[in-house]
Each structure stands twice: as structure tokens, then as C-alpha cells.
Amino acid sequence: MSQPRAYGLWVLVIINTLVFVLFALSFTRPRSKRDWRSFGAFAAFLVALFTEMYGFPLTLYLLSGWLGSRLPALQPFSHNTGHLWQVLTGMGGNPHLNPLHWLSEVAILGGFILVGISWSVLFKAQQQHTVAATGVYSRLRHPQYLGFIIVMVGFLLQWPTIPTLAMFPVLVWIYVRLARREEREALKEFGEEYAQYARGTPSFWPRIGGRRSSARPAQGAAEGAEARKKPAPPKPN
């Protein structure tokens with residue numbers, strides 16, 4: 001009986017890429033050129049991933065000789081072999097039921113949820129022209145970038161390839177640079193309010209059991225200052 005075709009499924013490459021790109025786009029809604037550049041880098045990661053997953057297995061071709069000498073009984077170009085972490089660690093069984101695969105799916109879903117939650121808080125703060133310091137932003141300053149990094153880690157746990165492994169540190173570096181640039185712009189726009197928020201809030205990783213940011217939105221700070229100006233009511237005789 002002939003084996004099902006594992007690669008050359010370019011329709012699946014296109015469908016999977018569009019599904020994940022549009023899914024991410026619905027969360028991020030990039031507007032500036034910088035937003036589109038960062039999103040484009042993430043989209044390029046997805047294209048490289050799904051091209052190897054369903055189209056042309058470049059990584060397996062490059063490693064076929066080494067894999068054949070190490071594991072002679074292995075079918076080097078089967079779809080299951082693309083789950084390289086399972087192959088290299090010697091785990092047997094269905095790779096889709098492997099705990100590593102489950103962990104990757106949790107990371108992908110969790111990363112997208114983090115991006116979505118972050119965007120809702122950030123969008124509200126932009127509408128009100130205040131520092132985004134509530135919700136997940138009270139725990140860390142750049143949750144949206146952390147969410148994309150977690151998504152990429154999830155895909156790498158599930159289907160590592162040479163191109164995506166090479167792209168990952170470059171994308172992390174891009175996100176860190178974008179985060180630093182956004183911080184400089186926020187300092188120019190909000191001044192001491194953002195500086196206070198930044199001093200009490202980590203960049204990419206929340207403090208476990210640590211205190212939340214003490215920064216307040218501009219409106220809340222103004223209301224507090226106004227309240228302090230009001231004279232105290234006279235005490236009864």
C-alpha cells in the first residue's frame with residue numbers, strides 16, 4: 001500500500017500560513033511602518049516554517065545523511081521525521097501525542113492569548129492618551145512582544161528547522177530593539193509618568209510574587225492631584 005504524500009502540499013502551506021498570519025493580524029492590527037516591519041518578520045517566520053512542514057523539507061534533506069547513519073531504520077522524509085526533537089531524543093509513538101507536542105500547542109495558544117490581551121489594553125491606553133500600565137502591562141512593559149516570542153518557541157518545539165532556528169534569535173533581537181525604541185518615544189511623550197512606570201515594571205519577564213507597577217494613568221494621577229488641592233472639611237466643634 002502506498003504511503004500518503006508527506007510534502008509538496010503547497011495548498012496546505014498557503015492555507016496554514018494565511019490562517020496564522022490573519023489570526024495574528026486580528027490581534028496586533030499594525031498601523032505604523034515599524035509595526036508592519038515587526039509583523040512582517042513574524043510572518044516570514046511562519047512562511048519558512050510551513051514551507052518545510054508541508055512543502056519542501058530543506059532541513060531533512062540537509063540532515064538526511066547524518067540521520068541515515070545515526071538511525072538506519074528511519075524514513076528520513078516522512079512527515080513524522082519532521083518532529084526532530086522526538087527523533088533526536090529517541091521518543092517513540094505518535095509525535096502528535098507526545099508531551100512535547102502538547103507543550104508546543106499550549107505555548108502557541110498562550111502566546112496568541114497574551115498578544116490579544118496586551119493589544120486590548122494598549123489600544124485603550126492609546127485612545128485615552130495615557131501610559132498603558134493596567135492589566136498585563138502592570139506586570140511587564142512589553143507583553144505583546146513576549147507573546148510573539150512564546151508563539152515562536154512553541155512552533156520550534158513542535159517543528160524545528162534550520163531556517164526558523166536561525167531566524168529566531170534575529171527576531172528576538174528585532175523585538176528588543178523595537179521595545180527600546182518605543183520606550184524612548186514614551187519617555188519623550190509622557191516624561192516622569194512613564195519613567196516611574198518603567199522603574200517599577202520589568203521589560204519582558206514578570207517578577208514572580210513581585211509588586212505591581214505603581215504607575216497610574218494620567219487621568220487618575222490628575223484626579224489624585226486635584227483631590228489633594230481641595231481643603232479638608234472643617235472639624236465639628
# chains A, B, ... in the order shown; residues from 1 in each chain; ligands from 1
$ closest_atom_pairs --of "segment 111-157 of chain A" --to "segment 83-105 of chain A" --cutoff "10 Å" --atoms "only C-alpha atoms" --output "CSV"
residue,atom,partner,partner_atom,distance
A:Gly111,CA,A:Glu105,CA,9.8
A:Ile150,CA,A:Ser104,CA,9.4
A:Val151,CA,A:Ser104,CA,8.4
A:Met152,CA,A:Ser104,CA,9.4
A:Val153,CA,A:Ser104,CA,7.6
A:Gly154,CA,A:Ser104,CA,4.1
A:Phe155,CA,A:Ser104,CA,6.3
A:Leu156,CA,A:Ser104,CA,7.8
A:Leu157,CA,A:Ser104,CA,5.5
$ closest_residue --among "A:Pro202, A:His142, A:Thr81, A:Ser120" --to "Arg177 of chain A" --atoms "only C-alpha atoms"
A:His142
$ select_by_dssp --residues "segment 15-170 of chain A" --states "alpha helix (DSSP H)" --output "VMD selection string"
chain A and resid 15 to 28 33 to 50 58 to 70 84 to 89 99 to 128 143 to 158 162 to 170
$ atom_distance --atom1 "atom CA of Phe45 of chain A" --atom2 "atom CA of Arg181 of chain A"
22.4 Å
$ residues_around --residues "Leu9 of chain A" --least-positions-apart "4" --cutoff "8 Å" --atoms "only C-alpha atoms" --output "list in words"
Val13, Tyr54 and Gly55 of chain A
$ residues_around --residues "Leu114 of chain A" --least-positions-apart "6" --cutoff "9 Å" --atoms "only C-alpha atoms" --output "PyMOL selection string"
chain A and resi 136+143-144+146-148
$ residues_around --residues "Arg37 of chain A" --least-positions-apart "6" --cutoff "12 Å" --atoms "only C-alpha atoms" --output "VMD selection string"
chain A and resid 30 to 31 43 to 44 171 174 to 175 178
$ write_last_selection --atoms "C-alpha atoms" --output "PDB file, in the first residue's frame"
ATOM      1  CA  PRO A  30      -0.308  47.146  12.951  1.00  0.00           C
ATOM      2  CA  ARG A  31      -0.598  50.764  11.877  1.00  0.00           C
ATOM      3  CA  ALA A  43       5.041  36.388   9.029  1.00  0.00           C
ATOM      4  CA  ALA A  44       8.341  35.430   7.350  1.00  0.00           C
ATOM      5  CA  LEU A 171      13.531  38.139  15.552  1.00  0.00           C
ATOM      6  CA  ILE A 174      14.361  42.905  16.427  1.00  0.00           C
ATOM      7  CA  TYR A 175      11.651  42.859  19.097  1.00  0.00           C
ATOM      8  CA  LEU A 178      11.630  47.880  18.853  1.00  0.00           C
TER       9      LEU A 178
END
